[in-house]
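J.: Below you'll find query39.pdb; it's PDB, C-alpha atoms.
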```
ATOM      1  CA  MET A   1    -197.073  53.973-181.669  1.00  0.00           C
ATOM      2  CA  SER A   2    -193.615  52.583-182.068  1.00  0.00           C
ATOM      3  CA  LYS A   3    -190.713  54.342-180.580  1.00  0.00           C
ATOM      4  CA  GLU A   4    -187.654  54.630-182.847  1.00  0.00           C
ATOM      5  CA  PRO A   5    -184.252  54.860-181.257  1.00  0.00           C
ATOM      6  CA  ALA A   6    -182.675  58.316-181.346  1.00  0.00           C
ATOM      7  CA  ILE A   7    -179.475  58.640-183.333  1.00  0.00           C
ATOM      8  CA  LYS A   8    -176.721  59.949-181.195  1.00  0.00           C
ATOM      9  CA  LEU A   9    -173.752  61.696-182.817  1.00  0.00           C
ATOM     10  CA  THR A  10    -170.555  62.189-180.975  1.00  0.00           C
ATOM     11  CA  MET A  11    -167.365  63.892-182.058  1.00  0.00           C
ATOM     12  CA  LYS A  12    -165.827  60.466-182.572  1.00  0.00           C
ATOM     13  CA  SER A  13    -168.432  59.608-185.190  1.00  0.00           C
ATOM     14  CA  VAL A  14    -167.653  62.658-187.360  1.00  0.00           C
ATOM     15  CA  ALA A  15    -164.937  61.958-189.905  1.00  0.00           C
ATOM     16  CA  LYS A  16    -162.073  64.409-190.144  1.00  0.00           C
ATOM     17  CA  PRO A  17    -161.079  65.646-193.606  1.00  0.00           C
ATOM     18  CA  PRO A  18    -157.848  64.203-194.951  1.00  0.00           C
ATOM     19  CA  SER A  19    -154.828  66.298-193.983  1.00  0.00           C
ATOM     20  CA  ASN A  20    -153.580  66.538-197.554  1.00  0.00           C
ATOM     21  CA  LEU A  21    -156.584  68.686-198.641  1.00  0.00           C
ATOM     22  CA  THR A  22    -156.348  72.447-198.284  1.00  0.00           C
ATOM     23  CA  ALA A  23    -159.195  74.868-198.775  1.00  0.00           C
ATOM     24  CA  VAL A  24    -158.579  77.578-201.326  1.00  0.00           C
ATOM     25  CA  GLN A  25    -160.149  80.697-199.947  1.00  0.00           C
ATOM     26  CA  SER A  26    -159.888  84.261-201.163  1.00  0.00           C
ATOM     27  CA  PRO A  27    -159.438  86.906-198.494  1.00  0.00           C
ATOM     28  CA  VAL A  28    -162.624  88.367-197.070  1.00  0.00           C
ATOM     29  CA  GLU A  29    -163.137  91.794-198.551  1.00  0.00           C
ATOM     30  CA  SER A  30    -165.200  94.509-196.930  1.00  0.00           C
ATOM     31  CA  MET A  31    -167.168  96.946-199.046  1.00  0.00           C
ATOM     32  CA  THR A  32    -165.858  99.841-196.960  1.00  0.00           C
ATOM     33  CA  GLY A  33    -162.514 101.269-197.942  1.00  0.00           C
ATOM     34  CA  PHE A  34    -160.458 104.244-199.094  1.00  0.00           C
ATOM     35  CA  GLY A  35    -157.637 104.624-201.600  1.00  0.00           C
ATOM     36  CA  GLU A  36    -155.727 107.702-202.689  1.00  0.00           C
ATOM     37  CA  TYR A  37    -152.857 108.262-205.076  1.00  0.00           C
ATOM     38  CA  ARG A  38    -151.113 111.463-206.140  1.00  0.00           C
ATOM     39  CA  THR A  39    -148.581 111.882-208.941  1.00  0.00           C
ATOM     40  CA  LYS A  40    -147.244 114.376-211.464  1.00  0.00           C
ATOM     41  CA  VAL A  41    -148.563 114.107-215.007  1.00  0.00           C
ATOM     42  CA  GLY A  42    -147.126 116.660-217.384  1.00  0.00           C
ATOM     43  CA  SER A  43    -146.994 120.005-215.578  1.00  0.00           C
ATOM     44  CA  SER A  44    -149.854 119.074-213.253  1.00  0.00           C
ATOM     45  CA  THR A  45    -150.274 117.176-209.991  1.00  0.00           C
ATOM     46  CA  VAL A  46    -153.142 114.716-210.265  1.00  0.00           C
ATOM     47  CA  THR A  47    -154.846 113.177-207.225  1.00  0.00           C
ATOM     48  CA  CYS A  48    -157.314 110.315-207.393  1.00  0.00           C
ATOM     49  CA  ARG A  49    -159.420 109.436-204.324  1.00  0.00           C
ATOM     50  CA  LEU A  50    -161.586 106.335-204.222  1.00  0.00           C
ATOM     51  CA  ARG A  51    -164.051 105.658-201.421  1.00  0.00           C
ATOM     52  CA  SER A  52    -166.376 102.686-201.173  1.00  0.00           C
ATOM     53  CA  LEU A  53    -169.296 101.931-198.898  1.00  0.00           C
ATOM     54  CA  ASN A  54    -171.767  99.088-198.519  1.00  0.00           C
ATOM     55  CA  HIS A  55    -174.525  99.003-201.158  1.00  0.00           C
ATOM     56  CA  ARG A  56    -176.697  96.224-202.587  1.00  0.00           C
ATOM     57  CA  PHE A  57    -175.674  96.972-206.150  1.00  0.00           C
ATOM     58  CA  LEU A  58    -172.670  98.598-207.798  1.00  0.00           C
ATOM     59  CA  ASP A  59    -173.237 102.359-207.700  1.00  0.00           C
ATOM     60  CA  ILE A  60    -170.429 104.457-209.208  1.00  0.00           C
ATOM     61  CA  LYS A  61    -170.205 108.206-208.582  1.00  0.00           C
ATOM     62  CA  LEU A  62    -167.539 109.943-210.631  1.00  0.00           C
ATOM     63  CA  ARG A  63    -166.264 113.496-210.168  1.00  0.00           C
ATOM     64  CA  LEU A  64    -163.806 114.807-212.733  1.00  0.00           C
ATOM     65  CA  PRO A  65    -162.375 118.355-212.574  1.00  0.00           C
ATOM     66  CA  ARG A  66    -162.719 119.318-216.229  1.00  0.00           C
ATOM     67  CA  SER A  67    -165.195 118.601-218.951  1.00  0.00           C
ATOM     68  CA  ASP A  68    -162.406 117.511-221.316  1.00  0.00           C
ATOM     69  CA  LEU A  69    -161.613 114.663-218.899  1.00  0.00           C
ATOM     70  CA  MET A  70    -165.128 113.256-219.308  1.00  0.00           C
ATOM     71  CA  THR A  71    -163.711 110.972-221.992  1.00  0.00           C
ATOM     72  CA  LEU A  72    -162.269 108.995-219.060  1.00  0.00           C
ATOM     73  CA  ASP A  73    -165.754 108.422-217.630  1.00  0.00           C
ATOM     74  CA  MET A  74    -166.611 105.221-219.495  1.00  0.00           C
ATOM     75  CA  THR A  75    -163.083 103.818-219.172  1.00  0.00           C
ATOM     76  CA  ILE A  76    -163.104 104.320-215.394  1.00  0.00           C
ATOM     77  CA  ARG A  77    -166.622 102.907-215.009  1.00  0.00           C
ATOM     78  CA  LYS A  78    -165.710  99.842-217.071  1.00  0.00           C
ATOM     79  CA  ARG A  79    -162.613  99.209-214.956  1.00  0.00           C
ATOM     80  CA  LEU A  80    -164.545  99.579-211.692  1.00  0.00           C
ATOM     81  CA  THR A  81    -167.185  97.075-212.868  1.00  0.00           C
ATOM     82  CA  GLU A  82    -164.375  94.604-213.624  1.00  0.00           C
ATOM     83  CA  VAL A  83    -163.024  94.946-210.082  1.00  0.00           C
ATOM     84  CA  PHE A  84    -166.164  95.353-207.937  1.00  0.00           C
ATOM     85  CA  LYS A  85    -169.520  93.593-208.051  1.00  0.00           C
ATOM     86  CA  ARG A  86    -171.270  95.506-205.248  1.00  0.00           C
ATOM     87  CA  GLY A  87    -170.909  98.681-203.238  1.00  0.00           C
ATOM     88  CA  SER A  88    -171.164 102.407-203.632  1.00  0.00           C
ATOM     89  CA  VAL A  89    -167.865 103.588-205.118  1.00  0.00           C
ATOM     90  CA  GLU A  90    -167.065 107.284-205.278  1.00  0.00           C
ATOM     91  CA  ILE A  91    -164.098 108.451-207.331  1.00  0.00           C
ATOM     92  CA  THR A  92    -162.845 112.031-207.227  1.00  0.00           C
ATOM     93  CA  MET A  93    -160.030 113.280-209.392  1.00  0.00           C
ATOM     94  CA  THR A  94    -158.375 116.659-208.808  1.00  0.00           C
ATOM     95  CA  VAL A  95    -155.786 118.384-210.956  1.00  0.00           C
ATOM     96  CA  GLU A  96    -153.491 121.144-209.743  1.00  0.00           C
ATOM     97  CA  ASN A  97    -151.779 123.069-212.491  1.00  0.00           C
ATOM     98  CA  ASN A  98    -148.165 123.661-211.471  1.00  0.00           C
ATOM     99  CA  ARG A  99    -147.559 126.266-214.159  1.00  0.00           C
ATOM    100  CA  GLU A 100    -147.715 129.895-213.180  1.00  0.00           C
ATOM    101  CA  THR A 101    -150.608 131.840-214.633  1.00  0.00           C
ATOM    102  CA  THR A 102    -149.826 135.306-215.840  1.00  0.00           C
ATOM    103  CA  ASP A 103    -152.965 137.250-216.685  1.00  0.00           C
ATOM    104  CA  ALA A 104    -156.671 136.705-216.190  1.00  0.00           C
ATOM    105  CA  THR A 105    -158.688 136.873-219.393  1.00  0.00           C
ATOM    106  CA  ILE A 106    -162.392 137.272-220.007  1.00  0.00           C
ATOM    107  CA  ASN A 107    -163.916 135.505-222.972  1.00  0.00           C
ATOM    108  CA  LEU A 108    -166.405 138.141-224.144  1.00  0.00           C
ATOM    109  CA  LYS A 109    -167.939 135.902-226.793  1.00  0.00           C
ATOM    110  CA  VAL A 110    -168.819 133.238-224.202  1.00  0.00           C
ATOM    111  CA  ALA A 111    -170.081 135.895-221.752  1.00  0.00           C
ATOM    112  CA  GLU A 112    -172.274 137.488-224.451  1.00  0.00           C
ATOM    113  CA  THR A 113    -173.706 134.078-225.394  1.00  0.00           C
ATOM    114  CA  TYR A 114    -174.584 133.354-221.754  1.00  0.00           C
ATOM    115  CA  ALA A 115    -176.094 136.846-221.282  1.00  0.00           C
ATOM    116  CA  THR A 116    -178.199 136.592-224.450  1.00  0.00           C
ATOM    117  CA  ALA A 117    -179.462 133.154-223.497  1.00  0.00           C
ATOM    118  CA  ALA A 118    -180.234 134.320-219.934  1.00  0.00           C
ATOM    119  CA  ARG A 119    -182.193 137.372-221.181  1.00  0.00           C
ATOM    120  CA  ALA A 120    -184.173 135.197-223.617  1.00  0.00           C
ATOM    121  CA  LEU A 121    -184.947 132.740-220.816  1.00  0.00           C
ATOM    122  CA  ALA A 122    -185.981 135.560-218.448  1.00  0.00           C
ATOM    123  CA  LYS A 123    -188.307 136.981-221.138  1.00  0.00           C
ATOM    124  CA  LYS A 124    -189.804 133.540-221.872  1.00  0.00           C
ATOM    125  CA  LEU A 125    -190.405 132.826-218.166  1.00  0.00           C
ATOM    126  CA  LYS A 126    -191.522 136.416-217.487  1.00  0.00           C
ATOM    127  CA  LEU A 127    -188.784 136.984-214.953  1.00  0.00           C
ATOM    128  CA  PRO A 128    -187.073 140.322-214.317  1.00  0.00           C
ATOM    129  CA  ALA A 129    -183.997 140.785-216.500  1.00  0.00           C
ATOM    130  CA  SER A 130    -182.250 142.294-213.471  1.00  0.00           C
ATOM    131  CA  SER A 131    -181.781 138.773-212.080  1.00  0.00           C
ATOM    132  CA  LEU A 132    -178.738 138.466-214.382  1.00  0.00           C
ATOM    133  CA  THR A 133    -175.731 139.819-212.498  1.00  0.00           C
ATOM    134  CA  LEU A 134    -172.122 140.363-213.448  1.00  0.00           C
ATOM    135  CA  ASP A 135    -171.058 138.211-210.493  1.00  0.00           C
ATOM    136  CA  GLY A 136    -173.242 135.338-211.706  1.00  0.00           C
ATOM    137  CA  LEU A 137    -172.009 135.732-215.275  1.00  0.00           C
ATOM    138  CA  LEU A 138    -168.334 135.632-214.234  1.00  0.00           C
ATOM    139  CA  ARG A 139    -168.901 132.348-212.375  1.00  0.00           C
ATOM    140  CA  LEU A 140    -170.116 130.500-215.460  1.00  0.00           C
ATOM    141  CA  PRO A 141    -167.699 128.032-217.087  1.00  0.00           C
ATOM    142  CA  GLY A 142    -165.452 129.443-219.794  1.00  0.00           C
ATOM    143  CA  VAL A 143    -166.047 133.141-219.055  1.00  0.00           C
ATOM    144  CA  VAL A 144    -162.903 133.751-216.981  1.00  0.00           C
ATOM    145  CA  GLY A 145    -159.607 132.083-217.742  1.00  0.00           C
ATOM    146  CA  ALA A 146    -155.902 132.639-217.400  1.00  0.00           C
ATOM    147  CA  THR A 147    -153.292 132.855-220.113  1.00  0.00           C
ATOM    148  CA  GLY A 148    -151.248 130.174-218.343  1.00  0.00           C
ATOM    149  CA  THR A 149    -154.156 127.720-218.238  1.00  0.00           C
ATOM    150  CA  PRO A 150    -153.445 124.844-220.595  1.00  0.00           C
ATOM    151  CA  VAL A 151    -155.809 124.098-223.422  1.00  0.00           C
ATOM    152  CA  ALA A 152    -157.310 120.614-223.652  1.00  0.00           C
ATOM    153  CA  GLU A 153    -154.630 119.283-226.022  1.00  0.00           C
ATOM    154  CA  ASP A 154    -151.827 120.450-223.709  1.00  0.00           C
ATOM    155  CA  PHE A 155    -153.589 119.445-220.488  1.00  0.00           C
ATOM    156  CA  LEU A 156    -151.730 116.803-218.446  1.00  0.00           C
ATOM    157  CA  GLY A 157    -148.837 116.954-220.892  1.00  0.00           C
ATOM    158  CA  GLY A 158    -150.979 115.432-223.629  1.00  0.00           C
ATOM    159  CA  ALA A 159    -151.276 112.144-221.681  1.00  0.00           C
ATOM    160  CA  THR A 160    -153.603 109.549-223.192  1.00  0.00           C
ATOM    161  CA  GLU A 161    -156.499 107.852-221.376  1.00  0.00           C
ATOM    162  CA  SER A 162    -154.489 104.680-220.849  1.00  0.00           C
ATOM    163  CA  GLN A 163    -151.533 106.656-219.490  1.00  0.00           C
ATOM    164  CA  ILE A 164    -153.776 108.490-217.004  1.00  0.00           C
ATOM    165  CA  MET A 165    -155.425 105.199-216.024  1.00  0.00           C
ATOM    166  CA  SER A 166    -152.103 103.464-215.356  1.00  0.00           C
ATOM    167  CA  ALA A 167    -150.411 106.482-213.737  1.00  0.00           C
ATOM    168  CA  VAL A 168    -153.221 107.600-211.418  1.00  0.00           C
ATOM    169  CA  ILE A 169    -156.382 105.473-211.375  1.00  0.00           C
ATOM    170  CA  GLU A 170    -154.848 101.979-211.107  1.00  0.00           C
ATOM    171  CA  PRO A 171    -152.588 102.800-208.110  1.00  0.00           C
ATOM    172  CA  ALA A 172    -155.534 104.407-206.262  1.00  0.00           C
ATOM    173  CA  LEU A 173    -157.669 101.373-207.124  1.00  0.00           C
ATOM    174  CA  ALA A 174    -154.983  99.033-205.748  1.00  0.00           C
ATOM    175  CA  ARG A 175    -154.912 101.032-202.503  1.00  0.00           C
ATOM    176  CA  LEU A 176    -158.710 100.829-202.248  1.00  0.00           C
ATOM    177  CA  LYS A 177    -158.594  97.043-202.753  1.00  0.00           C
ATOM    178  CA  ASP A 178    -155.910  96.748-200.041  1.00  0.00           C
ATOM    179  CA  SER A 179    -158.007  98.887-197.701  1.00  0.00           C
ATOM    180  CA  ARG A 180    -161.117  96.772-198.312  1.00  0.00           C
ATOM    181  CA  GLN A 181    -159.161  93.546-197.699  1.00  0.00           C
ATOM    182  CA  ALA A 182    -157.626  94.952-194.487  1.00  0.00           C
ATOM    183  CA  GLU A 183    -161.091  95.983-193.293  1.00  0.00           C
ATOM    184  CA  GLY A 184    -162.484  92.554-194.169  1.00  0.00           C
ATOM    185  CA  ALA A 185    -159.721  90.795-192.243  1.00  0.00           C
ATOM    186  CA  LYS A 186    -160.713  92.514-188.987  1.00  0.00           C
TER     187      LYS A 186
END
```
Would you kindly transcribe this structure into structure tokens?
T.:
Amino acid sequence: MSKEPAIKLTMKSVAKPPSNLTAVQSPVESMTGFGEYRTKVGSSTVTCRLRSLNHRFLDIKLRLPRSDLMTLDMTIRKRLTEVFKRGSVEITMTVENNRETTDATINLKVAETYATAARALAKKLKLPASSLTLDGLLRLPGVVGATGTPVAEDFLGGATESQIMSAVIEPALARLKDSRQAEGAK
């Protein structure tokens, strides 16, 4: 059995990189972060909160305050997939109407539709019809409103999707990115 000489490396034998080369490195970004932005849009104050946590894949949870804002859903999701590749990202948007409401109104047609559907369901499932209560009926969407509540066309001053995105979502997204980079730099 022949014995081969061991190769011995010392710090002197390792070449140093030339001093004129610089490494281009993007800042380390954590998946944990928080961003919030609040602004006035039309007669309302809109707040957007973004929170992100570690996750193997991109998981987007979106909470919008009104069903007529659901048109923003796909636009927001598309923008978040452009910015993030991984993580659980939760976005919550709240809208405070700054107009004074004058009188509460009850939409009888909507209430009657709910009541009829509930009775038919109770009959079909052989449940007591007494399970339908006035309290439960008044809590359903569209039954109670206020005369000062803006209709969908007037909501947020008639702002378009792109205006809402640039006025509220983008600044909150920038703050989330900054938060994730600050967390990653620690």
J.: Could you state the separation of atom CA of Glu96 of chain A and atom CA of Asp135 of chain A in Å, given to one decimal place?
T.: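 Going from atom CA of Glu96 of chain A over to atom CA of Asp135 of chain A covers 24.5 Å.
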J.: Take the PyMOL selection byres ((chain A and resi 95) around 6), apply it to the structure above, and return the hits as a PyMOL selection string.
T.: chain A and resi 45-46+94+96
J.: Contacts of segment 165-175 of chain A at 8 Å or less, counting only C-alpha atoms, minus same-chain residues fewer than 6 places along, as a list in words?
T.: Phe34, Gly35, Glu36, Tyr37, Arg38, Thr39, Val41, Val46, Thr47, Cys48, Arg49, Leu50 and Ile76 of chain A
J.: Select, from A:Met93, A:Ile164, A:Val28, A:Val83, the residue with the minimum atom-to-atom distance to Arg66 of chain A, counting all atoms listed in the file.
T.: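 Looking only at the distances to Arg66 of chain A, the closest residue turns out to be A:Met93.
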J.: Of the candidates A:Ser179, A:Thr32, A:Ser43, A:Gln163, which one gets nearest to Gly87 of chain A if we count only C-alpha atoms?
T.: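 Closest residue, counting only C-alpha atoms: A:Thr32.
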J.: Report the distance between atom CA of Ile60 of chain A and atom CA of Lys186 of chain A in Å, rounded to one decimal place.
T.: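 Going from atom CA of Ile60 of chain A over to atom CA of Lys186 of chain A covers 25.4 Å.
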J.: Fewer than 5 positions away in the same chain doesn't count, so skip those; otherwise give me all residues within 12 Å of Pro141 of chain A, counting all atoms listed in the file, as a list of chain:residue names.
T.: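 Selected residues are A:Pro65, A:Arg66, A:Ser67, A:Ile106, A:Asn107, A:Val110, A:Ala111, A:Thr113, A:Tyr114, A:Gly136.
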J.: Next, dump the selected residues to file, keeping only C-alpha atoms, as an mmCIF file, in the coordinates of the input.
T.:
```
data_model
loop_
_atom_site.group_PDB
_atom_site.id
_atom_site.type_symbol
_atom_site.label_atom_id
_atom_site.label_comp_id
_atom_site.auth_asym_id
_atom_site.auth_seq_id
_atom_site.Cartn_x
_atom_site.Cartn_y
_atom_site.Cartn_z
ATOM 1 C CA PRO A 65 -162.375 118.355 -212.574
ATOM 2 C CA ARG A 66 -162.719 119.318 -216.229
ATOM 3 C CA SER A 67 -165.195 118.601 -218.951
ATOM 4 C CA ILE A 106 -162.392 137.272 -220.007
ATOM 5 C CA ASN A 107 -163.916 135.505 -222.972
ATOM 6 C CA VAL A 110 -168.819 133.238 -224.202
ATOM 7 C CA ALA A 111 -170.081 135.895 -221.752
ATOM 8 C CA THR A 113 -173.706 134.078 -225.394
ATOM 9 C CA TYR A 114 -174.584 133.354 -221.754
ATOM 10 C CA GLY A 136 -173.242 135.338 -211.706
#
```
J.: Hey, what's within 12 Å of Thr133 of chain A if we count only C-alpha atoms and toss same-chain stuff fewer than 3 positions away? As a list in words, please?
T.: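 The filter keeps Ala111, Tyr114, Ala115, Ala118, Arg119, Pro128, Ala129, Ser130, Gly136, Leu137, Leu138, Arg139 and Leu140 of chain A.
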J.: Could the residues in this selection be written to a file with C-alpha atoms, as a compact mmCIF listing (two decimals), in the coordinates of the input?
T.:
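Contents of part-v7.txt, as written:
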```txt
# COMPACT_ATOMS: atom_id res chain seq x y z
CA ALA A 111 -170.08 135.90 -221.75
CA TYR A 114 -174.58 133.35 -221.75
CA ALA A 115 -176.09 136.85 -221.28
CA ALA A 118 -180.23 134.32 -219.93
CA ARG A 119 -182.19 137.37 -221.18
CA PRO A 128 -187.07 140.32 -214.32
CA ALA A 129 -184.00 140.78 -216.50
CA SER A 130 -182.25 142.29 -213.47
CA GLY A 136 -173.24 135.34 -211.71
CA LEU A 137 -172.01 135.73 -215.28
CA LEU A 138 -168.33 135.63 -214.23
CA ARG A 139 -168.90 132.35 -212.38
CA LEU A 140 -170.12 130.50 -215.46
```
J.: In Å, with one decimal, what is the gap from atom CA of Asp178 of chain A to atom CA of Glu29 of chain A?
T.: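 According to the coordinates, atom CA of Asp178 of chain A and atom CA of Glu29 of chain A are separated by 8.9 Å.
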